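Have a look at start24.txt below; it lists compact mmCIF, C-alpha atoms and all ligand atoms.
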```
# COMPACT_ATOMS: atom_id res chain seq x y z
CA MET L 1 64.55 127.63 77.79
CA ALA L 2 62.56 124.51 76.92
CA MET L 3 65.76 122.44 77.34
CA ALA L 4 66.50 123.93 80.74
CA SER L 5 63.05 123.21 82.11
CA ALA L 6 63.13 119.68 80.67
CA SER L 7 66.36 118.89 82.49
CA ALA L 8 65.05 120.48 85.69
CA SER L 9 61.98 118.27 85.62
CA GLN L 10 64.16 115.17 85.11
CA LYS L 11 65.49 115.43 88.65
CA VAL L 12 68.94 114.15 87.93
CA LEU L 13 69.99 114.57 91.54
CA LEU L 14 68.65 112.31 94.26
CA LEU L 15 68.02 115.15 96.69
CA ASP L 16 65.40 116.57 94.34
CA LEU L 17 63.89 113.19 93.57
CA ALA L 18 63.81 111.95 97.18
CA SER L 19 62.09 114.95 98.68
CA ASN L 20 58.66 113.74 97.64
CA ILE L 21 58.51 109.95 97.51
CA ASN L 22 57.58 107.24 99.97
CA HIS L 23 59.00 104.27 98.07
CA VAL L 24 62.48 103.62 96.81
CA PRO L 25 62.46 103.65 92.96
CA THR L 26 63.28 100.22 91.52
CA ASN L 27 66.71 101.19 90.20
CA TYR L 28 67.86 101.74 93.83
CA ILE L 29 66.65 98.35 95.10
CA ARG L 30 69.38 95.81 95.80
CA PRO L 31 68.84 92.09 95.23
CA ILE L 32 67.87 90.27 98.45
CA SER L 33 71.35 88.73 98.76
CA ASP L 34 72.94 92.17 98.80
CA ARG L 35 71.00 94.20 101.33
CA PRO L 36 72.27 95.93 104.47
CA ASN L 37 70.47 93.68 107.05
CA LEU L 38 70.54 96.58 109.43
CA ASP L 39 69.36 94.56 112.42
CA GLN L 40 72.51 92.41 112.29
CA VAL L 41 74.92 95.31 112.62
CA ASP L 42 76.96 95.70 115.78
CA SER L 43 76.57 99.28 116.92
CA ILE L 44 77.28 99.06 120.64
CA ASP L 45 79.71 96.35 121.71
CA ASP L 46 82.65 97.10 119.52
CA SER L 47 84.04 99.96 117.54
CA ILE L 48 87.20 101.05 115.83
CA PRO L 49 90.04 102.36 118.04
CA LEU L 50 90.07 106.03 119.08
CA ILE L 51 93.62 107.39 119.15
CA ASP L 52 94.70 110.58 120.90
CA LEU L 53 97.24 112.44 118.79
CA HIS L 54 97.97 114.85 121.62
CA SER L 55 100.89 112.78 122.87
CA LEU L 56 102.38 112.44 119.41
CA THR L 57 105.54 114.44 120.06
CA SER L 58 106.35 112.85 123.38
CA SER L 59 106.08 109.14 122.69
CA ASN L 60 106.07 106.51 120.06
CA HIS L 61 103.09 104.89 121.74
CA VAL L 62 100.93 106.51 119.07
CA VAL L 63 102.98 104.84 116.33
CA GLN L 64 102.41 101.50 117.95
CA GLN L 65 98.67 102.17 118.47
CA ILE L 66 98.16 103.26 114.88
CA GLY L 67 100.14 100.30 113.54
CA GLN L 68 97.96 97.95 115.58
CA ALA L 69 94.74 99.65 114.44
CA CYS L 70 95.88 99.40 110.80
CA LYS L 71 96.50 95.66 111.22
CA ASP L 72 93.36 94.85 113.20
CA TYR L 73 90.80 97.18 111.65
CA GLY L 74 92.26 99.16 108.72
CA PHE L 75 90.39 102.01 110.42
CA PHE L 76 90.83 104.28 113.43
CA GLN L 77 89.51 107.57 114.80
CA VAL L 78 91.70 110.46 115.88
CA LYS L 79 91.12 113.16 118.47
CA ASN L 80 93.32 116.12 119.42
CA HIS L 81 94.38 116.18 115.79
CA GLY L 82 95.17 119.91 115.75
CA ILE L 83 92.47 121.02 113.29
CA PRO L 84 90.57 123.93 114.88
CA ASP L 85 86.88 123.38 115.63
CA GLU L 86 85.99 126.48 113.68
CA VAL L 87 87.54 125.12 110.50
CA ILE L 88 85.54 121.91 110.88
CA THR L 89 82.27 123.67 111.71
CA ASN L 90 82.64 126.02 108.75
CA MET L 91 83.31 123.14 106.38
CA MET L 92 80.22 121.28 107.54
CA GLN L 93 78.16 124.46 107.39
CA ILE L 94 79.05 125.36 103.79
CA SER L 95 78.43 121.75 102.73
CA ARG L 96 74.96 121.88 104.19
CA GLU L 97 74.34 125.25 102.56
CA PHE L 98 75.58 123.92 99.22
CA PHE L 99 73.08 121.08 99.17
CA ARG L 100 70.28 123.38 100.32
CA MET L 101 70.70 125.69 97.34
CA PRO L 102 68.00 125.54 94.65
CA GLN L 103 68.36 122.77 92.12
CA SER L 104 69.20 125.21 89.32
CA GLU L 105 72.15 126.58 91.31
CA ARG L 106 73.48 123.13 92.23
CA MET L 107 73.11 121.83 88.67
CA LYS L 108 75.71 124.37 87.49
CA SER L 109 78.32 121.98 88.93
CA TYR L 110 76.74 118.78 87.58
CA SER L 111 78.68 116.28 85.46
CA ASP L 112 78.59 112.51 85.03
CA ASP L 113 82.18 112.38 83.74
CA PRO L 114 84.46 110.93 86.46
CA SER L 115 87.54 112.49 84.86
CA LYS L 116 86.34 116.02 85.67
CA THR L 117 88.26 117.53 88.55
CA THR L 118 85.29 119.39 90.02
CA ARG L 119 81.79 118.01 89.69
CA LEU L 120 78.50 117.37 91.37
CA SER L 121 77.02 113.98 90.66
CA THR L 122 74.85 111.27 92.11
CA SER L 123 75.16 107.60 93.13
CA PHE L 124 78.69 106.42 92.14
CA ASN L 125 79.18 106.21 88.38
CA VAL L 126 75.85 106.67 86.63
CA LYS L 127 77.39 105.74 83.29
CA THR L 128 78.47 102.22 84.27
CA GLU L 129 76.48 101.03 87.29
CA LYS L 130 73.40 98.79 87.24
CA VAL L 131 71.96 99.68 90.65
CA SER L 132 72.00 103.25 91.94
CA ASN L 133 73.15 104.41 95.36
CA TRP L 134 71.23 106.70 97.70
CA ARG L 135 73.71 109.57 97.52
CA ASP L 136 74.57 112.85 95.80
CA PHE L 137 78.15 114.08 95.98
CA LEU L 138 80.26 117.06 95.11
CA ARG L 139 83.78 116.02 94.27
CA LEU L 140 86.69 118.43 94.33
CA HIS L 141 90.36 118.06 93.57
CA CYS L 142 92.20 120.07 96.17
CA TYR L 143 95.94 119.71 95.78
CA PRO L 144 97.73 121.69 94.51
CA LEU L 145 95.03 124.09 95.62
CA ASP L 146 95.92 126.92 93.20
CA GLN L 147 95.31 124.60 90.31
CA TYR L 148 91.70 123.83 91.23
CA LEU L 149 90.31 126.60 93.41
CA HIS L 150 88.91 128.60 90.48
CA GLU L 151 86.80 125.58 89.39
CA TRP L 152 85.05 125.17 92.74
CA PRO L 153 81.48 126.39 93.25
CA SER L 154 81.35 130.11 93.94
CA SER L 155 78.15 129.82 95.96
CA PRO L 156 77.56 129.79 98.82
CA SER L 157 79.81 132.85 98.84
CA SER L 158 82.15 131.57 101.56
CA PHE L 159 82.47 128.14 99.96
CA ARG L 160 85.92 128.53 98.42
CA ASP L 161 87.57 130.22 101.40
CA ASN L 162 86.22 127.82 103.98
CA ALA L 163 86.79 124.68 101.94
CA ALA L 164 90.34 125.77 101.04
CA GLU L 165 91.17 126.41 104.68
CA TYR L 166 89.80 123.00 105.58
CA CYS L 167 91.83 121.30 102.83
CA ARG L 168 95.09 122.90 103.96
CA HIS L 169 94.58 121.67 107.51
CA VAL L 170 93.52 118.16 106.51
CA ARG L 171 96.56 117.88 104.25
CA GLN L 172 98.86 118.57 107.20
CA LEU L 173 97.07 115.90 109.22
CA ALA L 174 97.38 113.45 106.31
CA LEU L 175 101.14 114.09 106.06
CA THR L 176 101.55 113.51 109.80
CA LEU L 177 99.58 110.28 109.63
CA LEU L 178 101.60 109.07 106.65
CA GLU L 179 104.80 109.57 108.64
CA ILE L 180 103.36 107.60 111.55
CA ILE L 181 102.16 104.83 109.25
CA SER L 182 105.57 104.65 107.53
CA GLU L 183 107.28 104.37 110.91
CA SER L 184 104.82 101.75 112.09
CA LEU L 185 105.79 99.63 109.09
CA GLY L 186 109.47 99.96 109.99
CA LEU L 187 110.09 102.23 106.99
CA GLU L 188 111.81 105.60 106.88
CA LYS L 189 109.44 108.29 108.18
CA ASP L 190 109.17 109.92 104.76
CA TYR L 191 108.88 106.67 102.76
CA ILE L 192 105.19 106.95 101.88
CA ASN L 193 105.46 110.68 101.29
CA ARG L 194 108.18 110.04 98.70
CA ALA L 195 106.28 107.16 97.12
CA LEU L 196 103.40 109.51 96.21
CA ASP L 197 105.49 111.56 93.79
CA LYS L 198 103.88 115.01 93.66
CA HIS L 199 100.89 113.93 95.79
CA GLY L 200 97.19 114.46 95.19
CA GLN L 201 94.23 115.29 97.39
CA HIS L 202 90.54 114.97 96.55
CA MET L 203 87.51 115.64 98.66
CA ALA L 204 83.90 114.54 98.44
CA LEU L 205 80.93 116.19 100.04
CA ASN L 206 78.55 113.26 100.37
CA TYR L 207 74.89 114.03 100.83
CA TYR L 208 72.59 111.16 101.80
CA PRO L 209 68.93 112.23 101.79
CA PRO L 210 66.48 110.51 104.13
CA CYS L 211 65.33 107.28 102.53
CA PRO L 212 61.81 105.84 102.85
CA GLN L 213 63.07 102.21 102.77
CA PRO L 214 66.67 102.14 104.02
CA GLU L 215 66.83 98.36 104.22
CA LEU L 216 66.53 98.05 100.42
CA THR L 217 69.46 100.19 99.36
CA TYR L 218 72.83 101.70 100.25
CA GLY L 219 74.25 105.19 100.44
CA LEU L 220 77.42 103.48 99.29
CA PRO L 221 77.73 99.68 99.08
CA GLY L 222 80.74 97.86 100.55
CA HIS L 223 83.96 99.07 98.91
CA THR L 224 87.57 99.83 99.64
CA ASP L 225 89.03 103.25 98.92
CA PRO L 226 91.46 103.33 95.98
CA ASN L 227 93.71 106.04 97.43
CA VAL L 228 96.39 106.09 100.16
CA ILE L 229 94.47 107.19 103.25
CA THR L 230 91.04 108.67 103.75
CA ILE L 231 90.26 111.19 106.49
CA LEU L 232 86.52 111.38 107.01
CA LEU L 233 84.51 114.06 108.74
CA GLN L 234 80.91 113.11 109.43
CA ASP L 235 78.02 115.05 110.92
CA ASP L 236 76.15 113.68 113.95
CA VAL L 237 74.09 111.12 112.00
CA PRO L 238 75.33 107.50 112.00
CA GLY L 239 75.72 105.68 108.68
CA LEU L 240 79.31 104.48 108.24
CA GLN L 241 79.92 100.76 108.80
CA VAL L 242 83.21 98.88 108.69
CA LEU L 243 83.73 95.17 108.07
CA ASN L 244 85.63 93.49 110.91
CA ASN L 245 85.93 89.72 111.36
CA ASP L 246 83.07 89.23 108.90
CA LYS L 247 80.77 91.53 110.88
CA TRP L 248 79.68 95.05 110.06
CA LEU L 249 80.50 97.52 112.83
CA ALA L 250 78.71 100.86 112.98
CA VAL L 251 81.06 103.80 113.49
CA ASN L 252 78.95 106.19 115.48
CA PRO L 253 79.92 109.85 115.26
CA ILE L 254 82.05 111.37 118.02
CA PRO L 255 82.17 115.17 117.79
CA HIS L 256 85.56 116.69 116.85
CA THR L 257 87.07 113.40 115.71
CA PHE L 258 88.08 112.22 112.27
CA ILE L 259 87.82 108.70 110.98
CA VAL L 260 90.90 107.49 109.15
CA ASN L 261 91.17 104.47 106.91
CA ILE L 262 93.89 102.73 104.99
CA GLY L 263 93.31 102.80 101.24
CA ASP L 264 94.37 100.34 98.55
CA GLN L 265 97.72 102.07 97.92
CA ILE L 266 98.90 101.46 101.50
CA GLN L 267 97.93 97.85 101.11
CA VAL L 268 100.22 97.69 98.06
CA LEU L 269 103.09 99.74 99.56
CA SER L 270 102.96 97.62 102.72
CA ASN L 271 102.93 94.42 100.64
CA ASP L 272 99.70 93.34 102.38
CA ARG L 273 100.93 94.03 105.97
CA TYR L 274 98.01 96.47 106.22
CA LYS L 275 94.68 95.77 104.56
CA SER L 276 92.39 98.23 102.87
CA VAL L 277 89.14 97.30 104.56
CA LEU L 278 85.60 97.13 103.18
CA HIS L 279 83.25 99.79 104.44
CA ARG L 280 79.85 101.10 103.41
CA ALA L 281 77.37 103.87 104.11
CA VAL L 282 73.80 103.01 105.03
CA VAL L 283 70.91 105.47 105.08
CA ASN L 284 67.97 106.09 107.39
CA CYS L 285 64.39 107.21 107.05
CA TYR L 286 64.56 110.10 109.50
CA THR L 287 67.19 112.52 108.46
CA GLU L 288 69.75 113.58 105.89
CA ARG L 289 73.42 112.80 106.52
CA ILE L 290 76.53 114.60 105.34
CA SER L 291 80.01 113.08 105.31
CA ILE L 292 83.17 114.66 103.95
CA PRO L 293 85.97 112.27 103.09
CA THR L 294 89.37 113.62 102.08
CA PHE L 295 91.09 111.14 99.82
CA TYR L 296 94.84 111.60 100.06
CA CYS L 297 96.46 110.12 96.93
CA PRO L 298 99.60 109.68 94.89
CA SER L 299 99.82 111.98 91.87
CA PRO L 300 98.59 110.23 88.70
CA GLU L 301 102.09 109.54 87.37
CA ALA L 302 103.40 108.06 90.65
CA ILE L 303 104.60 104.49 90.26
CA ILE L 304 103.30 102.36 93.09
CA ALA L 305 104.85 99.06 94.16
CA PRO L 306 105.43 97.20 97.42
CA ALA L 307 108.29 98.66 99.49
CA PRO L 308 111.40 96.51 98.84
CA GLU L 309 112.05 96.54 102.60
CA LEU L 310 108.79 94.64 103.10
CA ILE L 311 109.56 91.89 100.58
CA ASP L 312 111.45 88.81 101.69
CA LYS L 313 111.11 85.10 101.37
CA ASP L 314 108.36 84.97 103.97
CA HIS L 315 106.59 87.89 102.31
CA PRO L 316 106.88 87.49 98.54
CA CYS L 317 105.99 90.49 96.42
CA GLN L 318 102.19 90.61 96.11
CA TYR L 319 101.70 93.27 93.44
CA ARG L 320 103.12 94.32 90.14
CA SER L 321 103.99 97.99 89.85
CA PHE L 322 101.54 100.38 88.22
CA THR L 323 100.88 104.06 87.86
CA TYR L 324 98.21 105.51 90.10
CA SER L 325 96.32 106.79 87.05
CA GLU L 326 96.03 103.23 85.76
CA TYR L 327 94.65 102.10 89.10
CA TYR L 328 92.28 105.00 89.42
CA GLN L 329 90.79 104.51 85.97
CA LYS L 330 90.07 100.87 86.73
CA PHE L 331 88.45 101.84 90.02
CA TRP L 332 85.97 104.20 88.41
CA ASN L 333 85.22 102.00 85.43
CA ARG L 334 84.46 98.77 87.21
CA GLY L 335 82.03 100.25 89.71
CA LEU L 336 81.94 99.67 93.43
CA ALA L 337 82.18 95.95 94.03
CA THR L 338 82.99 93.85 97.02
CA GLU L 339 85.91 92.27 95.19
CA THR L 340 88.55 94.90 95.55
CA CYS L 341 90.26 96.41 92.54
CA LEU L 342 93.58 95.32 94.10
CA ASP L 343 93.10 91.82 92.75
CA LEU L 344 93.59 93.15 89.23
CA PHE L 345 97.15 94.13 90.17
CA ARG L 346 98.25 91.02 92.01
CA SER L 347 101.58 89.67 90.87
CA ASN L 348 102.01 85.98 90.32
CA SER L 349 105.66 86.19 89.43
CA CYS L 350 108.76 85.67 91.43
CA VAL L 351 110.59 88.93 92.04
CA ALA L 352 113.99 90.15 93.09
CA SER L 353 113.76 91.32 96.66
CA ARG L 354 115.96 92.66 99.42
CA GLU L 355 116.98 90.37 102.21
CA PRO L 356 118.41 92.09 105.26
CA ASN L 357 122.23 91.73 105.45
CA SER L 358 122.45 90.15 102.05
CA THR L 359 124.20 91.39 98.94
CA THR L 360 122.37 89.14 96.49
CA PRO L 361 118.65 88.94 96.03
CA ASN L 362 116.96 85.80 97.21
CA ASN L 363 114.77 83.93 94.76
CA PHE L 364 116.82 85.35 91.96
CA PRO L 365 115.30 83.89 88.80
CA PRO L 366 117.19 82.53 85.81
CA PRO L 367 118.32 85.16 83.28
CA THR L 368 115.60 84.54 80.73
CA THR L 369 112.74 85.12 83.15
CA ILE L 370 113.99 88.05 85.15
CA VAL L 371 111.28 90.22 86.67
CA ILE L 372 112.36 93.22 88.64
CA THR L 373 110.58 95.21 91.28
CA PRO L 374 111.11 98.86 90.37
CA PRO L 375 113.07 100.80 92.97
CA PRO L 376 111.36 103.10 95.43
CA PRO L 377 110.50 106.41 93.81
CA THR L 378 113.32 108.56 95.18
CA LYS L 379 115.93 106.11 94.04
CA ALA L 380 114.61 106.20 90.50
CA THR L 381 117.19 108.61 89.15
CA THR L 382 120.21 106.68 90.37
CA SER L 383 119.26 103.06 89.89
CA PRO L 384 120.01 101.18 86.66
CA ILE L 385 116.48 99.81 86.72
CA SER L 386 115.06 103.23 86.03
CA ILE L 387 116.77 103.14 82.63
CA GLU L 388 114.62 100.16 81.79
CA SER L 389 111.54 101.96 82.99
CA THR L 390 112.33 104.73 80.56
CA ARG L 391 112.80 102.27 77.77
CA GLU L 392 109.50 100.69 78.57
CA THR L 393 107.85 104.06 78.19
CA GLN L 394 109.36 104.39 74.75
CA LEU L 395 108.44 100.92 73.68
CA ASN L 396 104.99 100.87 74.99
CA ASN L 397 102.98 103.97 75.62
CA SER L 398 99.94 102.16 76.88
CA PRO L 399 99.88 102.15 80.67
CA THR L 400 97.51 99.21 80.68
CA THR L 401 100.04 96.73 79.32
CA ARG L 402 102.92 97.41 81.64
CA ASN L 403 103.49 93.72 82.17
CA ASP L 404 105.36 93.70 78.88
CA TRP L 405 108.15 95.83 80.17
CA GLN L 406 110.50 93.01 81.08
CA ILE L 407 110.84 91.89 77.46
CA PRO L 408 113.69 94.24 76.47
CA LEU L 409 115.56 93.05 79.53
CA HIS L 410 115.68 89.58 78.10
CA ILE L 411 117.40 90.88 75.02
CA THR L 412 119.86 93.34 76.39
CA PHE L 413 121.01 91.99 79.73
CA VAL L 414 122.98 89.04 80.85
CA PRO L 415 121.97 89.52 84.44
CA GLN L 416 124.71 89.40 87.00
CA PRO L 417 122.85 90.40 90.15
CA GLN L 418 125.80 91.95 91.94
CA GLN L 419 127.02 93.91 88.92
CA LEU L 420 123.60 95.15 87.96
CA ASN L 421 122.96 96.53 91.39
CA LEU L 422 119.37 95.41 91.25
CA LEU L 423 118.84 96.14 94.87
CA PRO L 424 118.32 99.66 96.06
CA PRO L 425 121.42 100.83 97.92
C1 LIG D 1 83.48 107.15 100.68
C2 LIG D 1 82.94 106.56 101.92
C3 LIG D 1 81.58 106.77 103.88
C4 LIG D 1 80.58 107.69 104.49
O1 LIG D 1 83.02 108.24 100.29
O2 LIG D 1 84.37 106.51 100.09
O3 LIG D 1 83.31 105.48 102.24
O4 LIG D 1 80.32 107.52 105.67
N1 LIG D 1 82.07 107.26 102.66
O5 LIG D 1 80.07 108.55 103.80
NI NI D 2 85.02 104.86 101.14
```
I need this file expressed as structure tokens, please.
Ligand code: OGA
Ligand code: NI
Amino acid sequence: MAMASASASQKVLLLDLASNINHVPTNYIRPISDRPNLDQVDSIDDSIPLIDLHSLTSSNHVVQQIGQACKDYGFFQVKNHGIPDEVITNMMQISREFFRMPQSERMKSYSDDPSKTTRLSTSFNVKTEKVSNWRDFLRLHCYPLDQYLHEWPSSPSSFRDNAAEYCRHVRQLALTLLEIISESLGLEKDYINRALDKHGQHMALNYYPPCPQPELTYGLPGHTDPNVITILLQDDVPGLQVLNNDKWLAVNPIPHTFIVNIGDQIQVLSNDRYKSVLHRAVVNCYTERISIPTFYCPSPEAIIAPAPELIDKDHPCQYRSFTYSEYYQKFWNRGLATETCLDLFRSNSCVASREPNSTTPNNFPPPTTIVITPPPPTKATTSPISIESTRETQLNNSPTTRNDWQIPLHITFVPQPQQLNLLPP
């Protein structure tokens, strides 16, 4: 009993701490060089494109519009997306109810361990960060749903049903958008879908309490999302800002629309054609704000690499291949930082690539320094390169030192590009 009341009085969650203060505690205060400068933000003149998905079946205009938005902004909004209003309203309603429950009820879901698949926490990663963020969040894994549903909060009583219904709908929207994005890159419609292996889907319910001094802190500082695409639902309170041409743009809420952004994995798959763009959440002194991002992801074991179709001599391969779990661990451990996590995976080697209408790879390196781009995921069972991937797994179980995997190739192969069939068929 004594323990329980001690932890209750500690006010681990920001919501409970913020309800009664008129100054931001020092651990939330950003250095002067890293503050939101709210008066310099463009909230009227420009915004991210709004795309109507209604005409999706009848034209490829939408493909072109989304491709352009991905190039110019890394962000767009969608309307007529097919998700019923009721599903959206219910999701927002249960989120609000969740955060309004008494502290003792909310704390049942609390954990500061980012590897937990269902957890309520605060800021970003309380174990590693130096400055805290003005946010509480409930994070849920939501695909495959059956695997996680039983872990979700059971109160409010309609939480599981409503959130599950929402997740199923948003997943369908994500799959549609991934087809459009694949097409817009000139790839097969199902390319990205296949690249994600068994797929993953996470959701956050972000709760940003009113803040007495919003110019000193962030709800979330500038970051890129580590996943494939994010589909964000926000209530009617502004707070999201997107970096565009070195200026922060406010994305003001439009009812019944979702905000979509390209995550780091599309930047890799597209070999930098599309950029995962910095965005942040700022807070205000008047009112709470709720946002609900769905993070659509590869499954942890998926091997991510630039699409061979998007590598040529004008576009050398920008990234080494990695498993999504390796990427994701780095993301959580290093904290939100303006330098994106992608830089840790940049490749500085020459790679075999596919030139259109060519039977031999361009830039083919001498035998002793061969570095191979792994084939796209669905080709993995038929390509000779996958044999080497298997061997790498046997030789080196640590996913953090995957760069070593070309060593056995040096020993066992005398590379003859045509015979080895290094290029995906
Ligand atoms: C995020 C995020 C923005 C917002 O959770 O990754 O960018 O408006 N959220 O809450
Ligand atoms: Ni984000």
Selection: 7 Å around stretch 298-313 of chain L, all atoms listed in the file, excl. self and same-chain fewer than 4 positions, as a PyMOL selection string: chain L and resi 195-200+268-271+317+319-325+353-355+376
Protein and nucleic residues near ligand NI 2 (chain D), 10 Å, all atoms listed in the file, as a VMD selection string: chain L and resid 220 to 227 229 to 232 240 242 261 to 263 277 to 281 293 to 295 336
For atom CA of L:Asn133 and atom CA of L:Cys341, the interatomic separation in Å (one decimal):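 Atom CA of L:Cys341 lies at a distance of 19.1 Å from atom CA of L:Asn133.
Among the candidates L:Gln10, L:Gln241, L:Thr176, L:Asn333, the residue lying nearest to ligand LIG 1 (chain D) is L:Gln241 (atoms considered: only C-alpha atoms and all ligand atoms).
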L:Pro316, L:Pro255, L:Gly219, L:Pro84 ranked by distance to ligand LIG 1 (chain D), top pick (using all atoms listed in the file):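 Selected residue with least distance to ligand LIG 1 (chain D): L:Gly219.
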